[in-house]
$ cat my_file.txt   # compact mmCIF, C-alpha atoms
# COMPACT_ATOMS: atom_id res chain seq x y z
CA MET A 230 2.58 -17.12 -16.17
CA ARG A 231 0.63 -17.71 -19.38
CA THR A 232 -2.54 -16.46 -17.72
CA TRP A 233 -0.75 -13.28 -16.62
CA ILE A 234 0.56 -12.68 -20.15
CA SER A 235 -2.84 -13.34 -21.75
CA LYS A 236 -4.55 -10.86 -19.41
CA GLY A 237 -1.75 -8.34 -19.00
CA TRP A 238 -1.18 -7.36 -22.61
CA ARG A 239 -4.45 -5.41 -22.85
CA PRO A 240 -3.75 -2.81 -20.12
CA PHE A 241 -0.14 -2.67 -21.32
CA LEU A 242 -1.35 -1.86 -24.85
CA VAL A 243 -3.70 0.83 -23.52
CA LEU A 244 -0.82 2.33 -21.54
CA ILE A 245 1.40 2.44 -24.63
CA LEU A 246 -1.38 4.11 -26.63
CA LEU A 247 -1.85 6.74 -23.91
CA PHE A 248 1.87 7.52 -23.97
CA ILE A 249 1.79 7.83 -27.78
CA ILE A 250 -1.19 10.20 -27.63
CA TRP A 251 0.51 12.18 -24.86
CA GLU A 252 3.78 12.49 -26.81
CA SER A 253 2.00 13.43 -30.04
CA THR A 254 -0.17 16.06 -28.36
CA ILE A 255 2.82 17.75 -26.71
CA LYS A 256 4.73 17.97 -30.00
CA LEU A 257 1.68 18.94 -32.08
CA PHE A 258 0.67 21.87 -29.86
CA GLU A 259 4.25 22.72 -28.84
CA VAL A 260 3.42 22.71 -25.13
CA PRO A 261 6.29 24.14 -23.03
CA ALA A 262 8.24 21.53 -21.06
CA TRP A 263 7.78 23.45 -17.79
CA LEU A 264 3.99 23.22 -18.22
CA MET A 265 3.65 19.62 -19.40
CA PRO A 266 6.69 17.54 -20.36
CA SER A 267 6.50 14.73 -22.91
CA PRO A 268 6.97 11.09 -21.91
CA SER A 269 10.29 11.01 -23.75
CA GLY A 270 11.42 14.11 -21.86
CA ILE A 271 10.42 12.55 -18.55
CA TRP A 272 12.32 9.36 -19.46
CA GLU A 273 15.44 11.31 -20.39
CA GLU A 274 15.27 13.34 -17.17
CA GLY A 275 14.78 10.18 -15.13
CA ILE A 276 17.95 8.65 -16.58
CA ALA A 277 19.95 11.87 -16.29
CA SER A 278 18.97 12.52 -12.66
CA TRP A 279 19.02 8.93 -11.40
CA SER A 280 22.31 9.36 -9.55
CA GLU A 281 20.67 12.17 -7.56
CA PHE A 282 17.26 10.54 -7.31
CA LYS A 283 18.29 7.07 -6.09
CA GLY A 284 19.09 8.35 -2.59
CA HIS A 285 15.59 9.82 -2.31
CA PHE A 286 14.09 6.58 -3.67
CA SER A 287 15.91 4.37 -1.17
CA SER A 288 14.90 6.65 1.71
CA THR A 289 11.21 6.44 0.76
CA ALA A 290 11.46 2.67 0.26
CA PHE A 291 12.92 2.25 3.74
CA LEU A 292 10.20 4.40 5.32
CA THR A 293 7.52 2.48 3.42
CA ILE A 294 8.76 -0.96 4.49
CA ALA A 295 9.32 0.05 8.12
CA GLY A 296 5.95 1.78 8.52
CA PHE A 297 4.12 -1.01 6.67
CA ALA A 298 5.68 -3.72 8.83
CA ILE A 299 4.91 -1.91 12.08
CA GLY A 300 1.39 -0.83 11.08
CA CYS A 301 0.36 -4.25 9.80
CA SER A 302 1.81 -6.02 12.83
CA ILE A 303 -0.13 -3.76 15.18
CA GLY A 304 -3.24 -4.13 13.02
CA LEU A 305 -3.07 -7.93 13.06
CA GLY A 306 -2.36 -8.02 16.79
CA THR A 307 -5.28 -5.69 17.49
CA ALA A 308 -7.62 -7.76 15.30
CA VAL A 309 -6.69 -10.97 17.11
CA VAL A 310 -7.19 -9.41 20.55
CA LEU A 311 -10.53 -7.84 19.63
CA HIS A 312 -11.74 -11.07 18.06
CA LEU A 313 -10.84 -13.21 21.05
CA LEU A 314 -12.20 -10.65 23.54
CA PRO A 315 -15.69 -9.61 22.32
CA LYS A 316 -16.33 -7.22 25.21
CA VAL A 317 -13.12 -5.36 24.49
CA ARG A 318 -14.10 -5.23 20.81
CA GLU A 319 -17.44 -3.63 21.66
CA ALA A 320 -15.65 -0.91 23.62
CA VAL A 321 -12.71 -0.27 21.27
CA TYR A 322 -14.02 -0.85 17.73
CA PRO A 323 -16.14 2.35 17.57
CA LEU A 324 -13.07 4.34 18.66
CA MET A 325 -11.07 2.77 15.82
CA ILE A 326 -13.68 3.93 13.32
CA LEU A 327 -13.71 7.43 14.79
CA SER A 328 -9.91 7.62 14.55
CA GLN A 329 -10.13 7.17 10.77
CA ASN A 330 -12.18 10.37 10.46
CA ILE A 331 -9.11 12.42 11.39
CA PRO A 332 -7.24 13.37 8.18
CA ILE A 333 -3.60 12.33 8.31
CA ILE A 334 -2.54 15.59 6.66
CA VAL A 335 -4.06 17.41 9.67
CA LEU A 336 -2.57 15.05 12.24
CA ALA A 337 0.93 15.14 10.73
CA PRO A 338 1.89 18.65 11.96
CA LEU A 339 0.87 17.66 15.50
CA LEU A 340 3.17 14.65 15.32
CA VAL A 341 6.04 16.95 14.38
CA ILE A 342 5.28 19.18 17.38
CA TRP A 343 5.12 16.18 19.71
CA PHE A 344 8.01 14.09 18.36
CA GLY A 345 10.19 16.50 16.36
CA PHE A 346 11.49 16.23 12.79
CA GLY A 347 13.14 12.84 13.16
CA LEU A 348 12.14 9.42 11.89
CA LEU A 349 9.50 8.69 14.54
CA PRO A 350 6.66 10.98 13.34
CA LYS A 351 7.09 9.69 9.78
CA ILE A 352 6.87 6.08 10.90
CA ILE A 353 3.78 6.93 12.97
CA VAL A 354 2.06 8.46 9.92
CA ILE A 355 2.62 5.33 7.80
CA THR A 356 1.67 3.08 10.72
CA LEU A 357 -1.66 4.88 11.17
CA ILE A 358 -2.40 4.56 7.45
CA CYS A 359 -1.58 0.83 7.32
CA PHE A 360 -3.15 -0.14 10.63
CA PHE A 361 -6.87 0.23 9.92
CA PRO A 362 -7.27 -1.73 6.61
CA VAL A 363 -5.42 -4.73 8.04
CA ALA A 364 -7.26 -4.69 11.38
CA VAL A 365 -10.73 -4.42 9.81
CA SER A 366 -10.03 -7.00 7.09
CA ALA A 367 -8.65 -9.48 9.62
CA MET A 368 -11.64 -9.09 11.98
CA ASP A 369 -14.05 -9.57 9.08
CA GLY A 370 -12.14 -12.67 8.03
CA PHE A 371 -12.32 -14.15 11.53
CA ARG A 372 -16.08 -13.51 11.73
CA GLN A 373 -16.75 -15.05 8.31
CA THR A 374 -15.28 -18.43 9.20
CA ASN A 375 -17.67 -21.28 8.41
CA GLY A 376 -19.69 -21.96 11.55
CA GLU A 377 -19.89 -25.69 10.80
CA TYR A 378 -16.13 -26.04 11.09
CA ILE A 379 -16.15 -24.27 14.45
CA LEU A 380 -19.00 -26.45 15.69
CA TYR A 381 -17.13 -29.58 14.61
CA MET A 382 -14.00 -28.45 16.47
CA LYS A 383 -16.04 -27.76 19.62
CA MET A 384 -17.63 -31.19 19.40
CA SER A 385 -14.12 -32.64 19.16
CA GLY A 386 -13.20 -30.92 22.43
CA ALA A 387 -10.98 -28.20 20.92
CA THR A 388 -10.14 -25.16 23.03
CA LYS A 389 -10.78 -21.60 21.90
CA GLY A 390 -7.10 -21.17 21.07
CA GLN A 391 -7.05 -24.36 19.00
CA ILE A 392 -10.16 -23.29 17.10
CA PHE A 393 -8.49 -19.97 16.33
CA ARG A 394 -5.21 -21.51 15.15
CA LYS A 395 -6.67 -24.41 13.19
CA VAL A 396 -9.83 -22.88 11.70
CA GLU A 397 -10.33 -19.13 12.10
CA TRP A 398 -6.80 -17.98 11.29
CA PRO A 399 -6.36 -20.06 8.08
CA HIS A 400 -9.80 -19.10 6.77
CA ALA A 401 -9.16 -15.42 7.50
CA LEU A 402 -5.93 -15.35 5.44
CA PRO A 403 -7.61 -14.22 2.16
CA SER A 404 -9.24 -11.30 4.00
CA ILE A 405 -5.97 -10.50 5.77
CA PHE A 406 -4.10 -10.38 2.48
CA SER A 407 -6.78 -8.09 1.04
CA GLY A 408 -6.03 -5.66 3.87
CA LEU A 409 -2.29 -6.07 3.33
CA LYS A 410 -2.64 -5.22 -0.37
CA ILE A 411 -4.60 -2.06 0.46
CA SER A 412 -2.03 -1.08 3.06
CA ALA A 413 0.84 -1.79 0.65
CA THR A 414 -0.38 0.88 -1.76
CA TYR A 415 -1.34 3.32 0.99
CA SER A 416 2.02 2.95 2.72
CA VAL A 417 3.90 4.54 -0.20
CA MET A 418 1.50 7.47 -0.18
CA GLY A 419 1.94 7.76 3.58
CA ALA A 420 5.72 7.77 3.22
CA VAL A 421 5.59 10.63 0.70
CA ILE A 422 3.19 12.62 2.90
CA SER A 423 5.41 12.07 5.93
CA GLU A 424 8.43 13.38 4.01
CA TRP A 425 6.67 16.70 3.54
CA LEU A 426 7.03 17.21 7.30
CA GLY A 427 10.65 18.25 7.07
CA ALA A 428 12.69 15.29 5.85
CA GLN A 429 16.10 15.74 4.27
CA LYS A 430 15.69 12.89 1.78
CA GLY A 431 12.85 11.11 0.07
CA ILE A 432 10.65 11.26 -3.01
CA GLY A 433 8.38 13.75 -1.23
CA VAL A 434 11.35 16.08 -0.69
CA TYR A 435 12.43 15.60 -4.31
CA MET A 436 8.93 16.51 -5.53
CA THR A 437 8.80 19.62 -3.34
CA LEU A 438 12.15 20.89 -4.61
CA ALA A 439 11.23 20.11 -8.22
CA SER A 440 7.84 21.85 -8.08
CA SER A 441 9.27 24.94 -6.38
CA SER A 442 11.79 25.30 -9.22
CA PHE A 443 9.18 24.56 -11.95
CA ARG A 444 10.96 21.33 -12.94
CA THR A 445 7.76 19.62 -14.00
CA ASP A 446 9.69 16.80 -15.66
CA ARG A 447 11.25 15.90 -12.31
CA VAL A 448 7.83 16.00 -10.64
CA PHE A 449 6.60 13.44 -13.16
CA VAL A 450 9.71 11.33 -12.61
CA ALA A 451 8.82 11.25 -8.91
CA ILE A 452 5.17 10.42 -9.68
CA PHE A 453 6.09 7.50 -11.92
CA MET A 454 8.59 6.18 -9.39
CA ILE A 455 5.92 6.33 -6.67
CA MET A 456 3.63 4.31 -8.94
CA LEU A 457 6.42 1.82 -9.64
CA LEU A 458 7.23 1.41 -5.95
CA SER A 459 3.54 0.87 -5.16
CA LEU A 460 3.23 -1.76 -7.91
CA LEU A 461 6.35 -3.58 -6.75
CA PHE A 462 5.15 -3.62 -3.15
CA PHE A 463 1.67 -4.75 -4.21
CA GLY A 464 3.18 -7.48 -6.39
CA LEU A 465 5.24 -8.83 -3.49
CA ILE A 466 2.12 -9.13 -1.34
CA VAL A 467 0.26 -10.92 -4.16
CA LEU A 468 3.18 -13.34 -4.59
CA LEU A 469 3.25 -14.04 -0.85
CA GLU A 470 -0.51 -14.64 -0.91
CA LYS A 471 -0.17 -17.20 -3.71
CA ILE A 472 2.46 -19.05 -1.70
CA MET A 473 0.56 -19.06 1.61
CA VAL A 474 -3.07 -19.40 0.47
CA LYS A 475 -2.86 -22.20 -2.08
CA TRP A 476 -6.01 -23.88 -0.76
CA ASN A 477 -8.09 -20.81 -1.57
CA ARG A 478 -6.93 -20.83 -5.20
CA LYS A 479 -7.91 -24.50 -5.51
CA GLU A 480 -11.41 -23.73 -4.19
CA ASP A 481 -11.80 -20.85 -6.66
CA LYS A 482 -11.08 -23.22 -9.56
$ encode --input "my_file.txt" --output "structure tokens"
Amino acid sequence: MRTWISKGWRPFLVLILLFIIWESTIKLFEVPAWLMPSPSGIWEEGIASWSEFKGHFSSTAFLTIAGFAIGCSIGLGTAVVLHLLPKVREAVYPLMILSQNIPIIVLAPLLVIWFGFGLLPKIIVITLICFFPVAVSAMDGFRQTNGEYILYMKMSGATKGQIFRKVEWPHALPSIFSGLKISATYSVMGAVISEWLGAQKGIGVYMTLASSSFRTDRVFVAIFMIMLLSLLFFGLIVLLEKIMVKWNRKEDK
């Protein structure tokens, strides 16, 4: 906790200074609120519209968690299968890389055509965004396991499954959590993008309505809430990593 406070005050101070400069510039040059609202105006609008906004926030949070859980589960499962079956990996891995060259914003309308305007195409969008970072990070973690440990396990008569459970999986956890942290931030973005496909609720819907009515203050409220949701989600993954990968922290010291 002390380490976090000693390191965290610097970016917090920079953030406060940026808000002060922002507020002062708006008032000094008398910039219209519809063009660029002040931080105080955004704060006031956020409080005033919270009763309306909280439904959109909870909808996006649900989409984010659901898509993240499904995408990461599929990513981890795929990484395990491809690691344990090298021939399958040689055939499938290039296709995984090619799939990431298709922009999600282009694929999203096709998902609406195929699956309609319901929840399914939105979950698919988030799943596709979260899948790749976790799968690639996990496979890299499995491959980077110390070869001496694997050799020792083989000399002890361990099976391939035992080697994976006792050596490769634990040593891949730091890499897996790196992929999870990337996916955690991307999942919020994916949820907002998916809500542009015709959702009735969500931060993406709120932003669309606000921008079409030139309510720039509400757009910034949505932007800051997206950032907050991403930070909260990222923080939960970091906390889970500290609980599950204690041995790695001891080695770093």
$ atom_distance --input "my_file.txt" --atom1 "atom CA of A:Gly296" --atom2 "atom CA of A:Gln373"
28.3 Å
$ residues_around --input "my_file.txt" --residues "A:Phe443" --least-positions-apart "4" --cutoff "9 Å" --atoms "all atoms listed in the file" --output "PyMOL selection string"
chain A and resi 263-264+438-439+447-448
$ atom_distance --input "my_file.txt" --atom1 "atom CA of A:Gly370" --atom2 "atom CA of A:Trp398"
8.2 Å
$ closest_atom_pairs --input "my_file.txt" --of "stretch 257-329 of chain A" --to "stretch 412-433 of chain A" --cutoff "12 Å" --atoms "all atoms listed in the file" --output "Markdown table"
| residue | atom | partner | partner_atom | distance |
| --- | --- | --- | --- | --- |
| A:Glu281 | CA | A:Lys430 | CA | 10.6 |
| A:Phe282 | CA | A:Ile432 | CA | 7.9 |
| A:Lys283 | CA | A:Gly431 | CA | 9.2 |
| A:Gly284 | CA | A:Lys430 | CA | 7.2 |
| A:His285 | CA | A:Gly431 | CA | 3.9 |
| A:Phe286 | CA | A:Ile432 | CA | 5.8 |
| A:Ser287 | CA | A:Gly431 | CA | 7.5 |
| A:Ser288 | CA | A:Gly431 | CA | 5.2 |
| A:Thr289 | CA | A:Gly431 | CA | 5.0 |
| A:Ala290 | CA | A:Val417 | CA | 7.8 |
| A:Phe291 | CA | A:Ala420 | CA | 9.1 |
| A:Leu292 | CA | A:Ala420 | CA | 6.0 |
| A:Thr293 | CA | A:Val417 | CA | 5.5 |
| A:Ile294 | CA | A:Ser416 | CA | 8.0 |
| A:Ala295 | CA | A:Ser416 | CA | 9.5 |
| A:Gly296 | CA | A:Ser416 | CA | 7.1 |
| A:Phe297 | CA | A:Ser416 | CA | 6.0 |
| A:Ala298 | CA | A:Ala413 | CA | 9.7 |
| A:Ile299 | CA | A:Ser416 | CA | 10.9 |
| A:Gly300 | CA | A:Ser412 | CA | 8.7 |
| A:Cys301 | CA | A:Ser412 | CA | 7.8 |
| A:Ser302 | CA | A:Ser412 | CA | 11.6 |
| A:Gly304 | CA | A:Ser412 | CA | 10.5 |
$ atom_distance --input "my_file.txt" --atom1 "atom CA of A:Val396" --atom2 "atom CA of A:Ile379"
7.0 Å
$ residues_around --input "my_file.txt" --residues "A:Ala364" --least-positions-apart "2" --cutoff "12 Å" --atoms "all atoms listed in the file" --output "PyMOL selection string"
chain A and resi 300-312+318+322+325-326+356-362+366-371+401+404-409+411-412
$ axis_aligned_box --input "my_file.txt" --around "stretch 433-449 of chain A" --padding-each-side "5 Å" --output "JSON"
{"center_x": 9.5, "center_y": 19.4, "center_z": -8.2, "size_x": 15.8, "size_y": 21.9, "size_z": 25.0}
$ closest_residue --input "my_file.txt" --among "A:Lys389, A:Pro240, A:Ile452, A:Leu339" --to "A:Ser440" --atoms "only C-alpha atoms"
A:Ile452
$ residues_around --input "my_file.txt" --residues "A:Glu377" --least-positions-apart "5" --cutoff "12 Å" --atoms "all atoms listed in the file" --output "ChimeraX atom specification"
/A:382-384,392,396-397
$ write_last_selection --input "my_file.txt" --atoms "C-alpha atoms" --output "PDB file, in the frame of the given file"
ATOM      1  CA  MET A 382     -14.000 -28.450  16.470  1.00  0.00           C
ATOM      2  CA  LYS A 383     -16.040 -27.760  19.620  1.00  0.00           C
ATOM      3  CA  MET A 384     -17.630 -31.190  19.400  1.00  0.00           C
ATOM      4  CA  ILE A 392     -10.160 -23.290  17.100  1.00  0.00           C
ATOM      5  CA  VAL A 396      -9.830 -22.880  11.700  1.00  0.00           C
ATOM      6  CA  GLU A 397     -10.330 -19.130  12.100  1.00  0.00           C
TER       7      GLU A 397
END
$ residues_around --input "my_file.txt" --residues "A:Leu469" --least-positions-apart "4" --cutoff "12 Å" --atoms "all atoms listed in the file" --output "mmCIF file with C-alpha atoms, in the frame of the given file"
data_model
loop_
_atom_site.group_PDB
_atom_site.id
_atom_site.type_symbol
_atom_site.label_atom_id
_atom_site.label_comp_id
_atom_site.auth_asym_id
_atom_site.auth_seq_id
_atom_site.Cartn_x
_atom_site.Cartn_y
_atom_site.Cartn_z
ATOM 1 C CA LEU A 402 -5.930 -15.350 5.440
ATOM 2 C CA PRO A 403 -7.610 -14.220 2.160
ATOM 3 C CA ILE A 405 -5.970 -10.500 5.770
ATOM 4 C CA PHE A 406 -4.100 -10.380 2.480
ATOM 5 C CA SER A 407 -6.780 -8.090 1.040
ATOM 6 C CA LEU A 409 -2.290 -6.070 3.330
ATOM 7 C CA LYS A 410 -2.640 -5.220 -0.370
ATOM 8 C CA PHE A 462 5.150 -3.620 -3.150
ATOM 9 C CA PHE A 463 1.670 -4.750 -4.210
ATOM 10 C CA GLY A 464 3.180 -7.480 -6.390
ATOM 11 C CA LEU A 465 5.240 -8.830 -3.490
ATOM 12 C CA MET A 473 0.560 -19.060 1.610
ATOM 13 C CA VAL A 474 -3.070 -19.400 0.470
ATOM 14 C CA LYS A 475 -2.860 -22.200 -2.080
#
$ closest_residue --input "my_file.txt" --among "A:Pro399, A:Leu457, A:Thr388, A:Gln329" --to "A:Thr374" --atoms "only C-alpha atoms"
A:Pro399
$ closest_residue --input "my_file.txt" --among "A:Val450, A:Ile333, A:Ile352, A:Leu458" --to "A:Ser269" --atoms "all atoms listed in the file"
A:Val450
$ residues_around --input "my_file.txt" --residues "A:Gly275" --least-positions-apart "3" --cutoff "9 Å" --atoms "all atoms listed in the file" --output "VMD selection string"
chain A and resid 270 to 272 278 to 279 282 446 to 447 450 to 451
$ build_atoms --input "my_file.txt" --residues "stretch 426-452 of chain A" --atoms "N, CA, C and O atoms" --output "PDB file, in the frame of the given file"
ATOM      1  N   LEU A 426       6.990  16.631   5.949  1.00  0.00           N
ATOM      2  CA  LEU A 426       7.030  17.210   7.300  1.00  0.00           C
ATOM      3  C   LEU A 426       8.395  17.769   7.666  1.00  0.00           C
ATOM      4  O   LEU A 426       8.578  18.228   8.784  1.00  0.00           O
ATOM      5  N   GLY A 427       9.337  17.701   6.767  1.00  0.00           N
ATOM      6  CA  GLY A 427      10.650  18.250   7.070  1.00  0.00           C
ATOM      7  C   GLY A 427      11.792  17.271   6.927  1.00  0.00           C
ATOM      8  O   GLY A 427      12.816  17.418   7.590  1.00  0.00           O
ATOM      9  N   ALA A 428      11.630  16.257   6.072  1.00  0.00           N
ATOM     10  CA  ALA A 428      12.690  15.290   5.850  1.00  0.00           C
ATOM     11  C   ALA A 428      13.805  15.895   5.004  1.00  0.00           C
ATOM     12  O   ALA A 428      13.603  16.873   4.281  1.00  0.00           O
ATOM     13  N   GLN A 429      14.975  15.298   5.081  1.00  0.00           N
ATOM     14  CA  GLN A 429      16.100  15.740   4.270  1.00  0.00           C
ATOM     15  C   GLN A 429      16.216  14.957   2.970  1.00  0.00           C
ATOM     16  O   GLN A 429      16.796  15.429   2.002  1.00  0.00           O
ATOM     17  N   LYS A 430      15.674  13.737   2.967  1.00  0.00           N
ATOM     18  CA  LYS A 430      15.690  12.890   1.780  1.00  0.00           C
ATOM     19  C   LYS A 430      14.349  12.230   1.596  1.00  0.00           C
ATOM     20  O   LYS A 430      13.580  12.092   2.538  1.00  0.00           O
ATOM     21  N   GLY A 431      14.094  11.811   0.361  1.00  0.00           N
ATOM     22  CA  GLY A 431      12.850  11.110   0.070  1.00  0.00           C
ATOM     23  C   GLY A 431      12.215  11.646  -1.200  1.00  0.00           C
ATOM     24  O   GLY A 431      12.504  12.759  -1.648  1.00  0.00           O
ATOM     25  N   ILE A 432      11.326  10.837  -1.781  1.00  0.00           N
ATOM     26  CA  ILE A 432      10.650  11.260  -3.010  1.00  0.00           C
ATOM     27  C   ILE A 432       9.783  12.484  -2.754  1.00  0.00           C
ATOM     28  O   ILE A 432       9.650  13.356  -3.620  1.00  0.00           O
ATOM     29  N   GLY A 433       9.178  12.571  -1.562  1.00  0.00           N
ATOM     30  CA  GLY A 433       8.380  13.750  -1.230  1.00  0.00           C
ATOM     31  C   GLY A 433       9.212  15.018  -1.218  1.00  0.00           C
ATOM     32  O   GLY A 433       8.772  16.076  -1.689  1.00  0.00           O
ATOM     33  N   VAL A 434      10.434  14.932  -0.690  1.00  0.00           N
ATOM     34  CA  VAL A 434      11.350  16.080  -0.690  1.00  0.00           C
ATOM     35  C   VAL A 434      11.747  16.424  -2.122  1.00  0.00           C
ATOM     36  O   VAL A 434      11.789  17.599  -2.513  1.00  0.00           O
ATOM     37  N   TYR A 435      12.043  15.406  -2.914  1.00  0.00           N
ATOM     38  CA  TYR A 435      12.430  15.600  -4.310  1.00  0.00           C
ATOM     39  C   TYR A 435      11.311  16.301  -5.088  1.00  0.00           C
ATOM     40  O   TYR A 435      11.568  17.230  -5.875  1.00  0.00           O
ATOM     41  N   MET A 436      10.064  15.885  -4.858  1.00  0.00           N
ATOM     42  CA  MET A 436       8.930  16.510  -5.530  1.00  0.00           C
ATOM     43  C   MET A 436       8.767  17.960  -5.116  1.00  0.00           C
ATOM     44  O   MET A 436       8.492  18.837  -5.959  1.00  0.00           O
ATOM     45  N   THR A 437       8.944  18.244  -3.839  1.00  0.00           N
ATOM     46  CA  THR A 437       8.800  19.620  -3.340  1.00  0.00           C
ATOM     47  C   THR A 437       9.839  20.534  -3.965  1.00  0.00           C
ATOM     48  O   THR A 437       9.519  21.645  -4.421  1.00  0.00           O
ATOM     49  N   LEU A 438      11.077  20.085  -4.011  1.00  0.00           N
ATOM     50  CA  LEU A 438      12.150  20.890  -4.610  1.00  0.00           C
ATOM     51  C   LEU A 438      11.921  21.081  -6.103  1.00  0.00           C
ATOM     52  O   LEU A 438      12.149  22.176  -6.642  1.00  0.00           O
ATOM     53  N   ALA A 439      11.456  20.031  -6.775  1.00  0.00           N
ATOM     54  CA  ALA A 439      11.230  20.110  -8.220  1.00  0.00           C
ATOM     55  C   ALA A 439      10.082  21.057  -8.552  1.00  0.00           C
ATOM     56  O   ALA A 439      10.180  21.866  -9.489  1.00  0.00           O
ATOM     57  N   SER A 440       8.989  20.979  -7.799  1.00  0.00           N
ATOM     58  CA  SER A 440       7.840  21.850  -8.080  1.00  0.00           C
ATOM     59  C   SER A 440       8.147  23.309  -7.773  1.00  0.00           C
ATOM     60  O   SER A 440       7.678  24.208  -8.479  1.00  0.00           O
ATOM     61  N   SER A 441       8.935  23.554  -6.732  1.00  0.00           N
ATOM     62  CA  SER A 441       9.270  24.940  -6.380  1.00  0.00           C
ATOM     63  C   SER A 441      10.179  25.591  -7.419  1.00  0.00           C
ATOM     64  O   SER A 441      10.207  26.809  -7.546  1.00  0.00           O
ATOM     65  N   SER A 442      10.912  24.775  -8.175  1.00  0.00           N
ATOM     66  CA  SER A 442      11.790  25.300  -9.220  1.00  0.00           C
ATOM     67  C   SER A 442      11.198  25.102 -10.622  1.00  0.00           C
ATOM     68  O   SER A 442      11.907  25.242 -11.620  1.00  0.00           O
ATOM     69  N   PHE A 443       9.906  24.745 -10.683  1.00  0.00           N
ATOM     70  CA  PHE A 443       9.180  24.560 -11.950  1.00  0.00           C
ATOM     71  C   PHE A 443       9.829  23.489 -12.830  1.00  0.00           C
ATOM     72  O   PHE A 443       9.756  23.566 -14.054  1.00  0.00           O
ATOM     73  N   ARG A 444      10.426  22.465 -12.201  1.00  0.00           N
ATOM     74  CA  ARG A 444      10.960  21.330 -12.940  1.00  0.00           C
ATOM     75  C   ARG A 444       9.864  20.260 -13.013  1.00  0.00           C
ATOM     76  O   ARG A 444       9.889  19.265 -12.304  1.00  0.00           O
ATOM     77  N   THR A 445       8.902  20.516 -13.899  1.00  0.00           N
ATOM     78  CA  THR A 445       7.760  19.620 -14.000  1.00  0.00           C
ATOM     79  C   THR A 445       8.175  18.215 -14.424  1.00  0.00           C
ATOM     80  O   THR A 445       7.550  17.228 -14.024  1.00  0.00           O
ATOM     81  N   ASP A 446       9.224  18.122 -15.243  1.00  0.00           N
ATOM     82  CA  ASP A 446       9.690  16.800 -15.660  1.00  0.00           C
ATOM     83  C   ASP A 446      10.156  15.973 -14.466  1.00  0.00           C
ATOM     84  O   ASP A 446       9.897  14.767 -14.386  1.00  0.00           O
ATOM     85  N   ARG A 447      10.812  16.622 -13.512  1.00  0.00           N
ATOM     86  CA  ARG A 447      11.250  15.900 -12.310  1.00  0.00           C
ATOM     87  C   ARG A 447      10.065  15.508 -11.427  1.00  0.00           C
ATOM     88  O   ARG A 447      10.096  14.466 -10.761  1.00  0.00           O
ATOM     89  N   VAL A 448       9.036  16.353 -11.401  1.00  0.00           N
ATOM     90  CA  VAL A 448       7.830  16.000 -10.640  1.00  0.00           C
ATOM     91  C   VAL A 448       7.214  14.725 -11.208  1.00  0.00           C
ATOM     92  O   VAL A 448       6.812  13.814 -10.456  1.00  0.00           O
ATOM     93  N   PHE A 449       7.159  14.633 -12.543  1.00  0.00           N
ATOM     94  CA  PHE A 449       6.600  13.440 -13.160  1.00  0.00           C
ATOM     95  C   PHE A 449       7.499  12.228 -12.965  1.00  0.00           C
ATOM     96  O   PHE A 449       6.999  11.098 -12.840  1.00  0.00           O
ATOM     97  N   VAL A 450       8.804  12.430 -12.939  1.00  0.00           N
ATOM     98  CA  VAL A 450       9.710  11.330 -12.610  1.00  0.00           C
ATOM     99  C   VAL A 450       9.376  10.775 -11.232  1.00  0.00           C
ATOM    100  O   VAL A 450       9.287   9.553 -11.034  1.00  0.00           O
ATOM    101  N   ALA A 451       9.170  11.666 -10.271  1.00  0.00           N
ATOM    102  CA  ALA A 451       8.820  11.250  -8.910  1.00  0.00           C
ATOM    103  C   ALA A 451       7.474  10.524  -8.890  1.00  0.00           C
ATOM    104  O   ALA A 451       7.314   9.502  -8.201  1.00  0.00           O
ATOM    105  N   ILE A 452       6.498  11.044  -9.644  1.00  0.00           N
ATOM    106  CA  ILE A 452       5.170  10.420  -9.680  1.00  0.00           C
ATOM    107  C   ILE A 452       5.249   9.003 -10.221  1.00  0.00           C
ATOM    108  O   ILE A 452       4.683   8.055  -9.650  1.00  0.00           O
TER     109      ILE A 452
END
